[in-house]
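Reproduced below: data_30.cif, with mmCIF, C-alpha atoms and all ligand atoms.
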```cif
data_model
loop_
_atom_site.group_PDB
_atom_site.id
_atom_site.type_symbol
_atom_site.label_atom_id
_atom_site.label_comp_id
_atom_site.auth_asym_id
_atom_site.auth_seq_id
_atom_site.Cartn_x
_atom_site.Cartn_y
_atom_site.Cartn_z
ATOM 1 C CA ARG B 12 -12.400 -13.174 -3.331
ATOM 2 C CA SER B 13 -9.683 -14.373 -1.023
ATOM 3 C CA LEU B 14 -6.084 -13.813 -2.058
ATOM 4 C CA ASN B 15 -5.035 -16.052 0.836
ATOM 5 C CA GLY B 16 -2.794 -13.484 2.500
ATOM 6 C CA ARG B 17 -0.437 -13.352 -0.472
ATOM 7 C CA THR B 18 2.033 -10.486 -0.893
ATOM 8 C CA ALA B 19 1.295 -7.906 -3.578
ATOM 9 C CA ILE B 20 3.209 -4.915 -4.902
ATOM 10 C CA VAL B 21 1.246 -2.106 -6.538
ATOM 11 C CA THR B 22 3.430 0.556 -8.152
ATOM 12 C CA GLY B 23 2.219 4.147 -8.290
ATOM 13 C CA ALA B 24 -0.295 3.337 -5.555
ATOM 14 C CA GLY B 25 -0.013 6.731 -3.876
ATOM 15 C CA SER B 26 -2.733 8.112 -6.153
ATOM 16 C CA GLY B 27 -5.645 7.383 -8.452
ATOM 17 C CA ILE B 28 -5.963 3.930 -9.979
ATOM 18 C CA GLY B 29 -3.033 2.420 -8.076
ATOM 19 C CA ARG B 30 -4.516 3.477 -4.749
ATOM 20 C CA ALA B 31 -7.852 1.844 -5.610
ATOM 21 C CA ILE B 32 -6.091 -1.359 -6.701
ATOM 22 C CA ALA B 33 -4.069 -1.506 -3.475
ATOM 23 C CA ILE B 34 -7.177 -0.992 -1.344
ATOM 24 C CA ARG B 35 -9.107 -3.647 -3.253
ATOM 25 C CA LEU B 36 -6.318 -6.250 -3.087
ATOM 26 C CA ALA B 37 -6.025 -5.599 0.658
ATOM 27 C CA GLU B 38 -9.803 -6.058 1.046
ATOM 28 C CA ASP B 39 -9.306 -9.387 -0.692
ATOM 29 C CA THR B 40 -6.742 -10.266 2.049
ATOM 30 C CA ALA B 41 -3.480 -9.521 0.223
ATOM 31 C CA LYS B 42 -0.614 -7.950 2.166
ATOM 32 C CA VAL B 43 0.141 -4.925 0.025
ATOM 33 C CA ALA B 44 3.359 -2.993 -0.585
ATOM 34 C CA ILE B 45 2.585 0.442 -1.926
ATOM 35 C CA TRP B 46 5.445 1.811 -3.984
ATOM 36 C CA ASP B 47 5.473 5.395 -5.238
ATOM 37 C CA ILE B 48 7.805 8.356 -5.706
ATOM 38 C CA ASN B 49 5.044 10.313 -3.996
ATOM 39 C CA ALA B 50 5.936 9.205 -0.470
ATOM 40 C CA ALA B 51 3.100 11.131 1.196
ATOM 41 C CA GLY B 52 0.534 9.631 -1.160
ATOM 42 C CA ALA B 53 1.897 6.137 -0.555
ATOM 43 C CA GLU B 54 1.729 6.635 3.212
ATOM 44 C CA GLU B 55 -1.847 7.836 2.900
ATOM 45 C CA THR B 56 -2.878 4.729 0.939
ATOM 46 C CA ALA B 57 -1.184 2.466 3.485
ATOM 47 C CA ARG B 58 -2.929 4.285 6.309
ATOM 48 C CA MET B 59 -6.315 3.881 4.602
ATOM 49 C CA ILE B 60 -5.709 0.127 4.303
ATOM 50 C CA ARG B 61 -4.504 -0.276 7.889
ATOM 51 C CA ASP B 62 -7.437 1.779 9.205
ATOM 52 C CA ALA B 63 -9.748 -0.693 7.473
ATOM 53 C CA GLY B 64 -7.976 -3.618 9.159
ATOM 54 C CA GLY B 65 -5.713 -4.630 6.284
ATOM 55 C CA THR B 66 -1.948 -5.061 5.992
ATOM 56 C CA ALA B 67 0.076 -2.519 4.021
ATOM 57 C CA ILE B 68 3.467 -0.857 3.924
ATOM 58 C CA ALA B 69 4.434 2.271 2.004
ATOM 59 C CA ILE B 70 7.770 2.462 0.201
ATOM 60 C CA ASP B 71 9.231 5.584 -1.369
ATOM 61 C CA ALA B 72 10.648 4.083 -4.563
ATOM 62 C CA ASP B 73 11.295 5.147 -8.132
ATOM 63 C CA CYS B 74 9.968 2.176 -10.084
ATOM 64 C CA SER B 75 12.159 2.992 -13.064
ATOM 65 C CA ASP B 76 15.428 2.790 -11.126
ATOM 66 C CA LYS B 77 17.051 -0.630 -10.870
ATOM 67 C CA ALA B 78 18.869 -0.023 -7.572
ATOM 68 C CA ALA B 79 15.766 1.508 -5.978
ATOM 69 C CA ILE B 80 13.677 -1.445 -7.141
ATOM 70 C CA LYS B 81 16.134 -3.919 -5.619
ATOM 71 C CA ALA B 82 16.154 -2.097 -2.282
ATOM 72 C CA ALA B 83 12.373 -1.780 -2.186
ATOM 73 C CA ALA B 84 11.879 -5.430 -3.142
ATOM 74 C CA ASP B 85 14.262 -6.546 -0.390
ATOM 75 C CA ARG B 86 12.297 -4.494 2.130
ATOM 76 C CA THR B 87 8.985 -5.826 0.821
ATOM 77 C CA ARG B 88 10.189 -9.442 1.170
ATOM 78 C CA ALA B 89 11.621 -8.817 4.630
ATOM 79 C CA GLU B 90 8.373 -7.260 5.923
ATOM 80 C CA LEU B 91 5.684 -9.086 3.941
ATOM 81 C CA GLY B 92 7.300 -12.221 2.467
ATOM 82 C CA PRO B 93 7.947 -13.371 -1.129
ATOM 83 C CA VAL B 94 6.065 -11.459 -3.813
ATOM 84 C CA ALA B 95 3.135 -13.299 -5.420
ATOM 85 C CA ILE B 96 1.266 -10.463 -7.167
ATOM 86 C CA LEU B 97 2.738 -7.517 -9.086
ATOM 87 C CA VAL B 98 0.631 -4.714 -10.516
ATOM 88 C CA ASN B 99 2.682 -2.449 -12.785
ATOM 89 C CA ASN B 100 0.566 0.685 -12.565
ATOM 90 C CA ALA B 101 3.015 3.593 -12.128
ATOM 91 C CA GLY B 102 3.125 5.789 -15.182
ATOM 92 C CA ILE B 103 3.326 9.274 -16.588
ATOM 93 C CA ALA B 104 1.210 10.642 -19.441
ATOM 94 C CA PRO B 105 2.498 13.919 -20.858
ATOM 95 C CA PHE B 106 0.870 15.600 -23.841
ATOM 96 C CA THR B 107 3.413 16.807 -26.409
ATOM 97 C CA PRO B 108 2.945 17.344 -30.148
ATOM 98 C CA PHE B 109 5.180 14.827 -31.874
ATOM 99 C CA LEU B 110 7.704 17.280 -33.340
ATOM 100 C CA ASP B 111 8.091 18.924 -29.933
ATOM 101 C CA ILE B 112 8.994 15.680 -28.115
ATOM 102 C CA ASP B 113 12.664 16.005 -27.282
ATOM 103 C CA ASP B 114 14.721 12.854 -27.113
ATOM 104 C CA ASP B 115 15.139 13.031 -23.350
ATOM 105 C CA LEU B 116 11.381 13.224 -22.811
ATOM 106 C CA PHE B 117 10.798 10.277 -25.142
ATOM 107 C CA ASP B 118 13.392 8.276 -23.188
ATOM 108 C CA LYS B 119 11.824 9.292 -19.858
ATOM 109 C CA VAL B 120 8.349 8.100 -20.841
ATOM 110 C CA ILE B 121 9.739 4.787 -22.088
ATOM 111 C CA ARG B 122 11.908 4.439 -18.965
ATOM 112 C CA ILE B 123 9.003 4.881 -16.539
ATOM 113 C CA ASN B 124 6.138 3.263 -18.480
ATOM 114 C CA LEU B 125 7.946 0.357 -20.181
ATOM 115 C CA ARG B 126 11.446 -0.216 -18.813
ATOM 116 C CA GLY B 127 10.082 0.141 -15.253
ATOM 117 C CA PRO B 128 7.644 -2.782 -15.613
ATOM 118 C CA TYR B 129 10.432 -4.781 -17.299
ATOM 119 C CA LEU B 130 12.763 -4.210 -14.337
ATOM 120 C CA MET B 131 9.992 -4.803 -11.800
ATOM 121 C CA THR B 132 9.014 -8.087 -13.409
ATOM 122 C CA LYS B 133 12.627 -9.271 -13.539
ATOM 123 C CA GLU B 134 13.029 -8.507 -9.848
ATOM 124 C CA VAL B 135 10.004 -10.406 -8.562
ATOM 125 C CA LEU B 136 9.375 -13.160 -11.132
ATOM 126 C CA PRO B 137 11.893 -15.510 -9.427
ATOM 127 C CA ASP B 138 9.742 -15.385 -6.241
ATOM 128 C CA MET B 139 6.692 -16.426 -8.259
ATOM 129 C CA LEU B 140 8.485 -19.180 -10.172
ATOM 130 C CA ALA B 141 9.849 -20.607 -6.929
ATOM 131 C CA ALA B 142 6.300 -20.748 -5.557
ATOM 132 C CA GLY B 143 4.813 -22.062 -8.814
ATOM 133 C CA TRP B 144 2.159 -19.329 -8.540
ATOM 134 C CA GLY B 145 2.129 -15.684 -9.527
ATOM 135 C CA ARG B 146 0.184 -12.851 -11.097
ATOM 136 C CA VAL B 147 1.613 -9.968 -13.121
ATOM 137 C CA ILE B 148 -0.968 -7.373 -14.119
ATOM 138 C CA ASN B 149 0.068 -4.504 -16.363
ATOM 139 C CA ILE B 150 -1.941 -1.305 -16.562
ATOM 140 C CA THR B 151 -1.779 -0.306 -20.212
ATOM 141 C CA SER B 152 -4.190 2.130 -21.930
ATOM 142 C CA SER B 153 -7.143 2.141 -24.307
ATOM 143 C CA SER B 154 -5.120 4.679 -26.292
ATOM 144 C CA VAL B 155 -3.224 1.738 -27.786
ATOM 145 C CA GLN B 156 -6.486 0.975 -29.644
ATOM 146 C CA SER B 157 -7.558 4.535 -30.377
ATOM 147 C CA GLY B 158 -4.314 6.491 -30.643
ATOM 148 C CA SER B 159 -4.172 9.748 -28.702
ATOM 149 C CA PHE B 160 -3.362 13.250 -29.900
ATOM 150 C CA ALA B 161 0.039 14.574 -28.780
ATOM 151 C CA GLN B 162 0.882 11.318 -27.029
ATOM 152 C CA GLY B 163 3.235 9.583 -29.450
ATOM 153 C CA HIS B 164 5.643 8.838 -26.589
ATOM 154 C CA TYR B 165 2.947 7.612 -24.188
ATOM 155 C CA VAL B 166 1.049 5.400 -26.624
ATOM 156 C CA SER B 167 4.356 3.888 -27.798
ATOM 157 C CA SER B 168 5.251 3.003 -24.211
ATOM 158 C CA LYS B 169 1.873 1.397 -23.488
ATOM 159 C CA GLY B 170 1.925 -0.515 -26.776
ATOM 160 C CA GLY B 171 5.309 -1.879 -25.755
ATOM 161 C CA LEU B 172 3.934 -2.959 -22.396
ATOM 162 C CA MET B 173 1.079 -4.711 -24.145
ATOM 163 C CA GLY B 174 3.577 -6.634 -26.257
ATOM 164 C CA MET B 175 5.626 -7.582 -23.199
ATOM 165 C CA THR B 176 2.504 -8.901 -21.458
ATOM 166 C CA LYS B 177 1.711 -11.228 -24.352
ATOM 167 C CA ALA B 178 5.315 -12.358 -24.818
ATOM 168 C CA LEU B 179 5.745 -13.254 -21.141
ATOM 169 C CA GLY B 180 2.274 -14.766 -20.902
ATOM 170 C CA LEU B 181 3.356 -17.214 -23.591
ATOM 171 C CA GLU B 182 6.882 -17.795 -22.270
ATOM 172 C CA TYR B 183 5.685 -18.594 -18.731
ATOM 173 C CA ALA B 184 2.330 -20.178 -19.534
ATOM 174 C CA ALA B 185 3.226 -23.510 -17.970
ATOM 175 C CA SER B 186 4.802 -22.028 -14.838
ATOM 176 C CA GLY B 187 1.753 -21.080 -12.751
ATOM 177 C CA VAL B 188 2.521 -17.391 -13.290
ATOM 178 C CA THR B 189 0.043 -15.441 -15.434
ATOM 179 C CA PHE B 190 0.566 -12.127 -17.238
ATOM 180 C CA ASN B 191 -2.469 -10.049 -18.131
ATOM 181 C CA MET B 192 -3.313 -6.433 -18.798
ATOM 182 C CA VAL B 193 -5.990 -3.937 -17.958
ATOM 183 C CA PRO B 194 -6.206 -0.990 -20.353
ATOM 184 C CA PRO B 195 -8.251 1.761 -18.705
ATOM 185 C CA GLY B 196 -10.443 4.024 -20.762
ATOM 186 C CA PHE B 197 -11.039 7.463 -19.217
ATOM 187 C CA ILE B 198 -10.802 7.109 -15.442
ATOM 188 C CA ASP B 199 -11.382 9.892 -12.923
ATOM 189 C CA THR B 200 -7.935 10.450 -11.388
ATOM 190 C CA PRO B 201 -5.504 13.350 -10.943
ATOM 191 C CA MET B 202 -3.833 12.246 -14.212
ATOM 192 C CA LEU B 203 -7.068 12.643 -16.183
ATOM 193 C CA ARG B 204 -7.968 15.923 -14.503
ATOM 194 C CA ALA B 205 -4.516 17.295 -15.438
ATOM 195 C CA ALA B 206 -4.952 16.320 -19.104
ATOM 196 C CA PRO B 207 -6.069 18.856 -21.739
ATOM 197 C CA ILE B 208 -9.422 17.060 -21.999
ATOM 198 C CA ASP B 209 -12.878 18.121 -20.828
ATOM 199 C CA ALA B 210 -13.566 14.823 -19.076
ATOM 200 C CA ASP B 211 -17.186 15.577 -18.231
ATOM 201 C CA ALA B 212 -18.045 16.572 -21.806
ATOM 202 C CA PHE B 213 -16.137 13.575 -23.122
ATOM 203 C CA ALA B 214 -18.152 11.317 -20.842
ATOM 204 C CA GLN B 215 -21.272 12.104 -22.881
ATOM 205 C CA THR B 216 -19.636 10.564 -25.961
ATOM 206 C CA LEU B 217 -19.116 7.232 -24.188
ATOM 207 C CA PRO B 218 -21.653 4.399 -24.496
ATOM 208 C CA MET B 219 -22.060 4.308 -20.709
ATOM 209 C CA LYS B 220 -22.223 8.129 -20.492
ATOM 210 C CA ARG B 221 -19.739 8.290 -17.655
ATOM 211 C CA ILE B 222 -15.998 8.259 -17.160
ATOM 212 C CA GLY B 223 -14.771 5.333 -15.123
ATOM 213 C CA GLN B 224 -13.838 5.236 -11.477
ATOM 214 C CA PRO B 225 -10.523 3.861 -10.166
ATOM 215 C CA GLU B 226 -12.551 1.101 -8.482
ATOM 216 C CA ASP B 227 -13.649 -0.121 -11.937
ATOM 217 C CA ILE B 228 -10.014 -0.863 -12.780
ATOM 218 C CA ALA B 229 -9.388 -2.313 -9.319
ATOM 219 C CA ALA B 230 -12.212 -4.816 -9.786
ATOM 220 C CA ALA B 231 -10.692 -6.127 -13.023
ATOM 221 C CA CYS B 232 -7.292 -6.420 -11.321
ATOM 222 C CA ALA B 233 -8.805 -8.230 -8.334
ATOM 223 C CA TYR B 234 -10.312 -10.812 -10.654
ATOM 224 C CA LEU B 235 -7.057 -11.331 -12.563
ATOM 225 C CA ALA B 236 -5.172 -11.670 -9.264
ATOM 226 C CA SER B 237 -7.590 -14.263 -7.957
ATOM 227 C CA GLU B 238 -7.569 -18.048 -8.093
ATOM 228 C CA GLU B 239 -10.535 -17.901 -10.468
ATOM 229 C CA ALA B 240 -8.393 -16.378 -13.229
ATOM 230 C CA SER B 241 -5.845 -19.201 -13.201
ATOM 231 C CA TYR B 242 -6.577 -20.297 -16.817
ATOM 232 C CA ILE B 243 -6.189 -16.776 -18.234
ATOM 233 C CA THR B 244 -2.827 -15.455 -19.452
ATOM 234 C CA GLY B 245 -1.671 -12.977 -22.080
ATOM 235 C CA GLN B 246 -5.170 -11.488 -22.096
ATOM 236 C CA THR B 247 -6.830 -8.115 -21.798
ATOM 237 C CA ILE B 248 -9.776 -6.911 -19.724
ATOM 238 C CA SER B 249 -10.706 -3.666 -21.468
ATOM 239 C CA THR B 250 -12.286 -1.456 -18.832
ATOM 240 C CA ASN B 251 -13.577 1.482 -20.816
ATOM 241 C CA GLY B 252 -17.361 1.790 -20.484
ATOM 242 C CA GLY B 253 -17.957 0.098 -23.847
ATOM 243 C CA ARG B 254 -15.865 2.540 -25.894
ATOM 244 C CA TYR B 255 -14.172 -0.242 -27.828
ATOM 245 C CA MET B 256 -15.570 -3.707 -28.118
ATOM 246 C CA GLY B 257 -14.010 -7.026 -29.079
HETATM 247 P P1 LIG E 1 -1.965 9.306 -11.292
HETATM 248 O O1 LIG E 1 -1.049 10.341 -11.851
HETATM 249 O O2 LIG E 1 -3.111 9.710 -10.445
HETATM 250 O O3 LIG E 1 -1.105 8.216 -10.500
HETATM 251 C C1 LIG E 1 0.117 7.731 -11.000
HETATM 252 C C2 LIG E 1 1.028 7.460 -9.830
HETATM 253 O O4 LIG E 1 2.260 6.912 -10.341
HETATM 254 C C3 LIG E 1 1.393 8.730 -9.037
HETATM 255 O O5 LIG E 1 1.183 8.540 -7.659
HETATM 256 C C4 LIG E 1 2.875 8.926 -9.353
HETATM 257 O O6 LIG E 1 3.599 9.530 -8.296
HETATM 258 C C5 LIG E 1 3.319 7.497 -9.609
HETATM 259 N N1 LIG E 1 4.562 7.423 -10.357
HETATM 260 C C6 LIG E 1 4.881 8.083 -11.499
HETATM 261 N N2 LIG E 1 6.137 7.786 -11.859
HETATM 262 C C7 LIG E 1 6.613 6.916 -10.932
HETATM 263 C C8 LIG E 1 7.856 6.254 -10.761
HETATM 264 N N3 LIG E 1 8.880 6.431 -11.611
HETATM 265 N N4 LIG E 1 8.011 5.429 -9.708
HETATM 266 C C9 LIG E 1 6.986 5.256 -8.814
HETATM 267 N N5 LIG E 1 5.790 5.862 -8.929
HETATM 268 C C10 LIG E 1 5.620 6.688 -9.979
HETATM 269 O O7 LIG E 1 -2.456 8.496 -12.584
HETATM 270 P P2 LIG E 1 -3.595 7.377 -12.772
HETATM 271 O O8 LIG E 1 -4.620 7.972 -13.638
HETATM 272 O O9 LIG E 1 -3.954 6.743 -11.490
HETATM 273 O O10 LIG E 1 -2.782 6.338 -13.692
HETATM 274 C C11 LIG E 1 -2.359 5.058 -13.271
HETATM 275 C C12 LIG E 1 -2.009 4.244 -14.512
HETATM 276 O O11 LIG E 1 -3.165 4.122 -15.345
HETATM 277 C C13 LIG E 1 -0.917 4.872 -15.376
HETATM 278 O O12 LIG E 1 -0.051 3.866 -15.856
HETATM 279 C C14 LIG E 1 -1.712 5.476 -16.510
HETATM 280 O O13 LIG E 1 -0.948 5.600 -17.702
HETATM 281 C C15 LIG E 1 -2.831 4.487 -16.662
HETATM 282 N N6 LIG E 1 -4.008 5.029 -17.344
HETATM 283 C C16 LIG E 1 -4.797 5.973 -16.754
HETATM 284 C C17 LIG E 1 -5.916 6.461 -17.430
HETATM 285 C C18 LIG E 1 -6.849 7.470 -16.832
HETATM 286 O O14 LIG E 1 -7.821 7.865 -17.496
HETATM 287 N N7 LIG E 1 -6.634 7.938 -15.603
HETATM 288 C C19 LIG E 1 -6.194 5.991 -18.720
HETATM 289 C C20 LIG E 1 -5.366 5.049 -19.307
HETATM 290 C C21 LIG E 1 -4.267 4.566 -18.598
#
```
Show the structure stored in the file as structure tokens.
Amino acid sequence: RSLNGRTAIVTGAGSGIGRAIAIRLAEDTAKVAIWDINAAGAEETARMIRDAGGTAIAIDADCSDKAAIKAAADRTRAELGPVAILVNNAGIAPFTPFLDIDDDLFDKVIRINLRGPYLMTKEVLPDMLAAGWGRVINITSSSVQSGSFAQGHYVSSKGGLMGMTKALGLEYAASGVTFNMVPPGFIDTPMLRAAPIDADAFAQTLPMKRIGQPEDIAAACAYLASEEASYITGQTISTNGGRYMG
């Protein structure tokens, strides 16, 4: 389980799934930079990690903004060292019937959920290539398999991120840097509770009869970040309680 004190960035780690991933990577000895536009949430995650004896810093950063990413990456390197692990988790998930999606909203969802991970990866991949070791883990969505009502923008963005994961997994396969993805099913977070879905009723339709916990996603990420996953790239760990198989 040891991540050997490597430096990790988890975006959107001021809440929900990102917070659980940050805590888990810190338990596994990573030094974790918690990036979020929710500065209070990021501080809270960092405090939770430090209280448990881990190493974490909180950075108020918009992970879709190139200049903000550069500044936050410089601070991360200065305080924690070169970046070895990147988890692109930050995202937004509005519900909008397709004909009501205005062009600006479509662009916003793509900017945060797809262009953000693209910019993040470009910023930190040189650190990983220089070290000959790296892990990029993209949080996609099971909705790429199932579709999702009134989420044409969101599912498009996550499908794009899935494609980017495979393309880069192939391009960098021989470099020591792996690219994998974790598509959550229904996970109990503020995002899910804000959705127009009765999560508890929906849980009864799932093979495991429960919605997932953020820690379920964190466990898959911890494995992909570890030494043990070194022969795995361009792959998917579907963490959805058995909703889709294969
Ligand atoms: P959440 O809303 O609880 O947390 C998302 C975090 O991302 C928030 O803290 C938010 O402030 C941050 N964020 C949003 N835009 C940002 C930006 N531009 N820069 C920096 N931070 C930003 O949601 P969650 O449920 O924890 O979702 C985490 C990821 O998991 C998302 O990518 C989401 O699409 C994906 N996901 C979640 C579920 C689920 O059931 N909860 C299912 C499938 C996929």
For this session: Step by step, work through what the PyMOL selection byres (((not hetatm)) within 8 of (chain E and resi 1)) selects in the shown file, and finish by giving those residues as a PyMOL selection string.
Result: chain B and resi 22-30+46-49+52-53+71-76+99-104+123-124+127+150-154+165+169+194-203+223+225
Could you make a table, as JSON lines, of the residues of stretch 73-117 of chain B that have an atom within 9 Å of an atom of stretch 135-148 of chain B, each with its nearest atom pair and distance in Å to one decimal, counting all atoms listed in the file, in chain and number order?
```
{"residue": "B:Ala84", "atom": "CA", "partner": "B:Val135", "partner_atom": "CA", "distance": 7.6}
{"residue": "B:Pro93", "atom": "CA", "partner": "B:Asp138", "partner_atom": "CA", "distance": 5.8}
{"residue": "B:Val94", "atom": "CA", "partner": "B:Asp138", "partner_atom": "CA", "distance": 5.9}
{"residue": "B:Ala95", "atom": "CA", "partner": "B:Gly145", "partner_atom": "CA", "distance": 4.9}
{"residue": "B:Ile96", "atom": "CA", "partner": "B:Arg146", "partner_atom": "CA", "distance": 4.7}
{"residue": "B:Leu97", "atom": "CA", "partner": "B:Val147", "partner_atom": "CA", "distance": 4.9}
{"residue": "B:Val98", "atom": "CA", "partner": "B:Ile148", "partner_atom": "CA", "distance": 4.8}
{"residue": "B:Asn99", "atom": "CA", "partner": "B:Ile148", "partner_atom": "CA", "distance": 6.3}
{"residue": "B:Asn100", "atom": "CA", "partner": "B:Ile148", "partner_atom": "CA", "distance": 8.3}
```
For this session: With the file shown as input, list the residues that the PyMOL selection byres (((chain B and resi 249-252) around 12) and not hetatm) selects, as an MDAnalysis selection string.
Result: chainID B and resid 149:157 191:199 214:232 246:248 253:257
Can you spit out the residues from that selection as an mmCIF file, keeping the file's coordinate frame, using C-alpha atoms?
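Now in out.cif:
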```cif
data_model
loop_
_atom_site.group_PDB
_atom_site.id
_atom_site.type_symbol
_atom_site.label_atom_id
_atom_site.label_comp_id
_atom_site.auth_asym_id
_atom_site.auth_seq_id
_atom_site.Cartn_x
_atom_site.Cartn_y
_atom_site.Cartn_z
ATOM 1 C CA ASN B 149 0.068 -4.504 -16.363
ATOM 2 C CA ILE B 150 -1.941 -1.305 -16.562
ATOM 3 C CA THR B 151 -1.779 -0.306 -20.212
ATOM 4 C CA SER B 152 -4.190 2.130 -21.930
ATOM 5 C CA SER B 153 -7.143 2.141 -24.307
ATOM 6 C CA SER B 154 -5.120 4.679 -26.292
ATOM 7 C CA VAL B 155 -3.224 1.738 -27.786
ATOM 8 C CA GLN B 156 -6.486 0.975 -29.644
ATOM 9 C CA SER B 157 -7.558 4.535 -30.377
ATOM 10 C CA ASN B 191 -2.469 -10.049 -18.131
ATOM 11 C CA MET B 192 -3.313 -6.433 -18.798
ATOM 12 C CA VAL B 193 -5.990 -3.937 -17.958
ATOM 13 C CA PRO B 194 -6.206 -0.990 -20.353
ATOM 14 C CA PRO B 195 -8.251 1.761 -18.705
ATOM 15 C CA GLY B 196 -10.443 4.024 -20.762
ATOM 16 C CA PHE B 197 -11.039 7.463 -19.217
ATOM 17 C CA ILE B 198 -10.802 7.109 -15.442
ATOM 18 C CA ASP B 199 -11.382 9.892 -12.923
ATOM 19 C CA ALA B 214 -18.152 11.317 -20.842
ATOM 20 C CA GLN B 215 -21.272 12.104 -22.881
ATOM 21 C CA THR B 216 -19.636 10.564 -25.961
ATOM 22 C CA LEU B 217 -19.116 7.232 -24.188
ATOM 23 C CA PRO B 218 -21.653 4.399 -24.496
ATOM 24 C CA MET B 219 -22.060 4.308 -20.709
ATOM 25 C CA LYS B 220 -22.223 8.129 -20.492
ATOM 26 C CA ARG B 221 -19.739 8.290 -17.655
ATOM 27 C CA ILE B 222 -15.998 8.259 -17.160
ATOM 28 C CA GLY B 223 -14.771 5.333 -15.123
ATOM 29 C CA GLN B 224 -13.838 5.236 -11.477
ATOM 30 C CA PRO B 225 -10.523 3.861 -10.166
ATOM 31 C CA GLU B 226 -12.551 1.101 -8.482
ATOM 32 C CA ASP B 227 -13.649 -0.121 -11.937
ATOM 33 C CA ILE B 228 -10.014 -0.863 -12.780
ATOM 34 C CA ALA B 229 -9.388 -2.313 -9.319
ATOM 35 C CA ALA B 230 -12.212 -4.816 -9.786
ATOM 36 C CA ALA B 231 -10.692 -6.127 -13.023
ATOM 37 C CA CYS B 232 -7.292 -6.420 -11.321
ATOM 38 C CA GLN B 246 -5.170 -11.488 -22.096
ATOM 39 C CA THR B 247 -6.830 -8.115 -21.798
ATOM 40 C CA ILE B 248 -9.776 -6.911 -19.724
ATOM 41 C CA GLY B 253 -17.957 0.098 -23.847
ATOM 42 C CA ARG B 254 -15.865 2.540 -25.894
ATOM 43 C CA TYR B 255 -14.172 -0.242 -27.828
ATOM 44 C CA MET B 256 -15.570 -3.707 -28.118
ATOM 45 C CA GLY B 257 -14.010 -7.026 -29.079
#
```
For this session: Might you pull out every residue within 10 Å of B:Gly92, with all atoms listed in the file counted and same-chain residues fewer than 4 positions away left off, and present them as a PyMOL selection string?
Result: chain B and resi 17-19+42+84-88+138
Exercise. Exactly which residues make up the result of the PyMOL selection byres (((chain B and resi 175) around 10) and not hetatm) on this file, given as a PyMOL selection string?
Worked result: chain B and resi 125+128-129+149+169-174+176-181+190-191+245
Problem set entry | Pick from B:Ala184, B:Phe109, B:Phe213, B:Ile208, whichever lies nearest to B:Gly163 using only C-alpha atoms |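 The answer is B:Phe109, which sits nearest to B:Gly163.
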For this session: Tell me, in Å to one decimal, how far atom CA of B:Ile45 is from atom CA of B:Arg58.
Result: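 If I compute the distance from atom CA of B:Ile45 to atom CA of B:Arg58, I get 10.6 Å.
Among B:Ala83, B:Arg122, B:Asp113, B:Ser241, the residue with the shortest atom-to-atom distance to B:Ser168, counting all atoms listed in the file, is B:Arg122.
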Exercise. With all atoms listed in the file as the basis for distance, which of B:Ala67, B:Ala37, B:Ile112, B:Val43 is at the shortest distance from B:Val21?
Worked result: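 Looking at the shortest contact to B:Val21, the residue is B:Val43.
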Exercise. So, counting only C-alpha atoms, which residue among B:Asp111, B:Ala233, B:Ala205, B:Thr244 is closest to B:Glu38?
Worked result: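 Going through B:Asp111, B:Ala233, B:Ala205, B:Thr244 one by one, the smallest distance to B:Glu38 is for B:Ala233.
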Exercise. Just how far from atom CA of B:Asp209 is atom CA of B:Phe160, in Å to one decimal?
Worked result: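 Rounded to one decimal, the two atoms are 14.0 Å apart.
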Could you put an axis-aligned box around every listed atom of stretch 94-106 of chain B, padded by 5 Å on each side, and send me its centre and edge lengths in Å to one decimal, as JSON?
```
{"center_x": 3.3, "center_y": 1.2, "center_z": -13.8, "size_x": 15.5, "size_y": 38.9, "size_z": 30.0}
```
Tell me which protein, DNA and RNA residues are within 10 Å of B:Pro207, counting only C-alpha atoms, leaving out same-chain ones fewer than 3 positions away, and put them as a PDB file with C-alpha atoms, in the frame of the given file.
```
ATOM      1  CA  PRO B 105       2.498  13.919 -20.858  1.00  0.00           C
ATOM      2  CA  PHE B 106       0.870  15.600 -23.841  1.00  0.00           C
ATOM      3  CA  LEU B 203      -7.068  12.643 -16.183  1.00  0.00           C
ATOM      4  CA  ARG B 204      -7.968  15.923 -14.503  1.00  0.00           C
ATOM      5  CA  ALA B 210     -13.566  14.823 -19.076  1.00  0.00           C
TER       6      ALA B 210
END
```
Problem set entry | Minimum-distance residue to B:Met131, chosen among B:Ala79, B:Ala161, B:Ala50, B:Leu116 (using all atoms listed in the file) |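 Looking only at the distances to B:Met131, the closest residue turns out to be B:Ala79.
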